[in-house]
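Asks: If you scroll down you'll find the structure; I have some questions about it.
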Amino acid sequence: MSALKMIKLSDCLQKQREKLTKRSELDVASVTLRVCKITSDVREMGDEALLDYTEKLDGVKLGMEQLRVSKEEIKAAYDDVGADVVDTIKQAAKAIKKFHEQQMPSEWLKEIQPGIKAGQLVRPLARVGAYVPGGLARYPSSALMSVVPAKVAGVKEIVVCTPPRRDGKVDPVTLVAADVAGADAVFKVGGAQAIAAMAYGTETIPKVDKVVGPGNIYVVAAKQIVSPDVGVDFAAGPSEVLIVADDSADAECVAADLLAQAEHDPSAAAVLVTTSEKLAEEVCKFVEEQLEDSPRKDIVLQSLEKYGRIIVARTLAEAIKFANEYAPEHLQLMVKRPEQALKLVGNAGAIFLGQYSPVAAGDFAVGPNHILPTGGVARWRSGLSVLDFMRLPTVQSLTESGFKRIAGVVEKMAEVEGLPGHAQSIRKRSRRR
C-alpha cells in the first residue's frame, strides 16, 4: 500500500479542498511560557543566562570567553573541511551574491508635478543578526542565504548565532560558510536564547536591528516574543513542495523530488497535483521503490503519511488553481510548457520550471534565497531578500510654486479629516509674500 494518498480533486467539496491545503503548523503556544522565561532571563542576566541555558539545553559547558568563535577556530575549520568543500561553498556564495545584486532597488528623486519632487532613498540596516540552526545537524547553506543578502544590501555589521556541538565547537562547514558569506562574528549560542541575545544584546553579543534565519519551534516563539523590540523576518516552518505535473513529466524524477522534500522533517509536506492518472500511479510505484533505499526512511514515511498527497485534477488550470490555494513554499511546474503555466501562478515562495529544475538545485546552487514562507504565508509574503536588510525612506521637496499648486487640496483634506492645525500650517505659508 502506498504511503501517498491519491485523491481526485473533482470529487472534493470546498471543505475537503480546504483540508487538503492544511499542513503542519508549529504549535508555538505550547512553548510560549518557557520561551518567555528564557528571553526574560537573557534580557536581565546577559551572558550568564546564555552560558546557563547552553549547558542545560545543549549539554555544553562554555566559559564567557568561549562564546565568540575565535580566529584560530575559523582557521582550523578551513583546514578541517578541505579545499574541495571550501571551493563548493565559495561557488554557492558567488551564485547567491549575483542573484541578490539584481534585487537591489535604486534611489530616485523625480519631479512628479511642476515644482514638486518626490523620491526614495536606499539605506541599509546598521547591524543584523542571522540565526543558523545547528547542534546535531549542519546547515551551511542557511548561513549563506542569511548573510550574503545582508552583505549585498550594505549592512555594516552581521553577526551569526549557531548552536555548539557537544564538543563545544561550531560545525566547521557552517563556520566556513558564515566566514565566506562575510559574517563579522559568530557566536556559539542556539535556540530561543540566541534570538533573545541578538534582540537585546549581552556583554558579548551586540544588540541588532533585525534577526533573520530559520529555526525550530523555540526559535519561532522567541522571534514572536521579541518582535516588538527588534525586526524579525518570518516563521519558516517545516519544508514543503507542491509539484504540478502533466503526462510529459518523468515519474521517477517526480517521485525523487517528493522524497527529497519529505526527508527534511516528519512534518514536511510533499504534494503532487497532476492531470494524468497514469503518472499518478507510476509516481506511487517509484515512491515505494525509492523509499526502500532511503537512509532517512522513517522520517520520509512519517512525512508522507501526515501531509503527503497525490491529487488528480481534470485540467492544468484546475491544478494551478489548487496550487494557488495551497500557496506552497516550493512550487515545481513539471509540464510541457512551464513558461505558459507560470502566467497562472499567483502564490508560491519559489517556483521551479521544467524537468531539470528540482528544488535541491535552488536550495544550494542557483542563487535565489531558500529561506521561504511556509504554511500558506506565501499568499502575502515573499522569501528573504535584500529588501529585508534595508529601509526605503521617501523624500519630498516643494518649491513655492509647487506648494501653491497643491495647497488647496491639502487644506481641504485637512479640514475634511478635522485637523485644523494641518490646515493652518498650509494657510500660514499661503499668506506669505
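In the C-alpha cells, the first chain shown is A, the next is B, and so on; residue numbers restart at 1 for each chain, and ligands run from 1 in the order shown.
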Taking 5 positions as the minimum chain separation for residues in the same chain, which residues sit within 9 Å of A:Ser401 when counting only C-alpha atoms? Answer as a list in words.
Replies: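 Listing them by chain and then by number gives Pro114, Gly115 and Ile116 of chain A.
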Asks: Extract, using only C-alpha atoms, all DNA, RNA and protein residues at most 7 Å from A:Val271, discarding same-chain residues fewer than 4 positions from it, and format them as a list in words.
Replies: Val241, Leu242, Ile243, Gly308, Arg309 and Ile310 of chain A
Asks: Smallest atom-to-atom distance to A:Ala255: which of A:Ala235, A:Tyr307, A:Pro358, A:Val69, using only C-alpha atoms?
Replies: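 Of A:Ala235, A:Tyr307, A:Pro358, A:Val69, the one nearest A:Ala255, counting only C-alpha atoms, is A:Pro358.
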Asks: Using DSSP on the backbone, list every residue of stretch 306-383 of chain A that comes out as strand (DSSP E or B), and give them as a ChimeraX atom specification.
Replies: /A:309-312,330-334,350-353
Asks: Output C-alpha atoms of each residue in that selection to a file, as a PDB file, in the first residue's frame.
Replies:
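Listing of part-v2.pdb after writing:
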```pdb
ATOM      1  CA  ARG A 309      -0.792  13.666  -1.253  1.00  0.00           C
ATOM      2  CA  ILE A 310      -1.270  12.814  -4.906  1.00  0.00           C
ATOM      3  CA  ILE A 311      -4.146  14.860  -6.280  1.00  0.00           C
ATOM      4  CA  VAL A 312      -5.604  14.272  -9.731  1.00  0.00           C
ATOM      5  CA  HIS A 330       8.286  25.429  -3.290  1.00  0.00           C
ATOM      6  CA  LEU A 331       6.264  25.021  -6.492  1.00  0.00           C
ATOM      7  CA  GLN A 332       7.558  22.840  -9.331  1.00  0.00           C
ATOM      8  CA  LEU A 333       5.917  23.081 -12.768  1.00  0.00           C
ATOM      9  CA  MET A 334       6.840  19.827 -14.499  1.00  0.00           C
ATOM     10  CA  ALA A 350       9.910  29.857  -5.042  1.00  0.00           C
ATOM     11  CA  ILE A 351       8.953  28.461  -8.454  1.00  0.00           C
ATOM     12  CA  PHE A 352      10.901  25.864 -10.441  1.00  0.00           C
ATOM     13  CA  LEU A 353      10.216  25.487 -14.165  1.00  0.00           C
TER      14      LEU A 353
END
```
Asks: Using only C-alpha atoms, which residue out of A:Glu282, A:Glu55, A:Asp298, A:Glu111 lies closest to A:Ser397?
Replies: A:Glu111
Asks: Can you tell me, as a PyMOL selection string, what residues are no more than 10 Å from A:Val128 when counting only C-alpha atoms, ignoring any on the same chain fewer than 5 positions away?
Replies: chain A and resi 146-147+150-151+155-160+183+198-199+206-212+231-232+389
Asks: Include C-alpha atoms and write out the residues we just selected as a tab-separated table (two decimals), in the first residue's frame.
Replies:
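File part_31.tsv, as written:
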```tsv
chain	number	residue	atom	x	y	z
A	146	SER	CA	21.12	34.72	5.57
A	147	VAL	CA	24.45	36.53	5.45
A	150	ALA	CA	22.66	41.26	4.11
A	151	LYS	CA	26.18	41.87	2.82
A	155	VAL	CA	24.62	46.05	6.23
A	156	LYS	CA	27.59	47.37	8.21
A	157	GLU	CA	27.79	44.56	10.79
A	158	ILE	CA	26.47	40.99	10.56
A	159	VAL	CA	26.61	38.59	13.49
A	160	VAL	CA	25.73	34.89	13.40
A	183	ALA	CA	29.86	37.42	8.82
A	198	MET	CA	20.65	39.32	19.43
A	199	ALA	CA	17.43	41.19	20.18
A	206	PRO	CA	25.74	43.04	20.32
A	207	LYS	CA	22.13	44.17	20.04
A	208	VAL	CA	20.97	44.06	16.41
A	209	ASP	CA	18.33	45.89	14.40
A	210	LYS	CA	16.86	42.74	12.86
A	211	VAL	CA	17.01	38.96	13.37
A	212	VAL	CA	16.64	36.59	10.40
A	231	GLY	CA	12.83	43.47	13.49
A	232	VAL	CA	12.28	39.82	12.54
A	389	PHE	CA	18.02	44.30	5.16
```
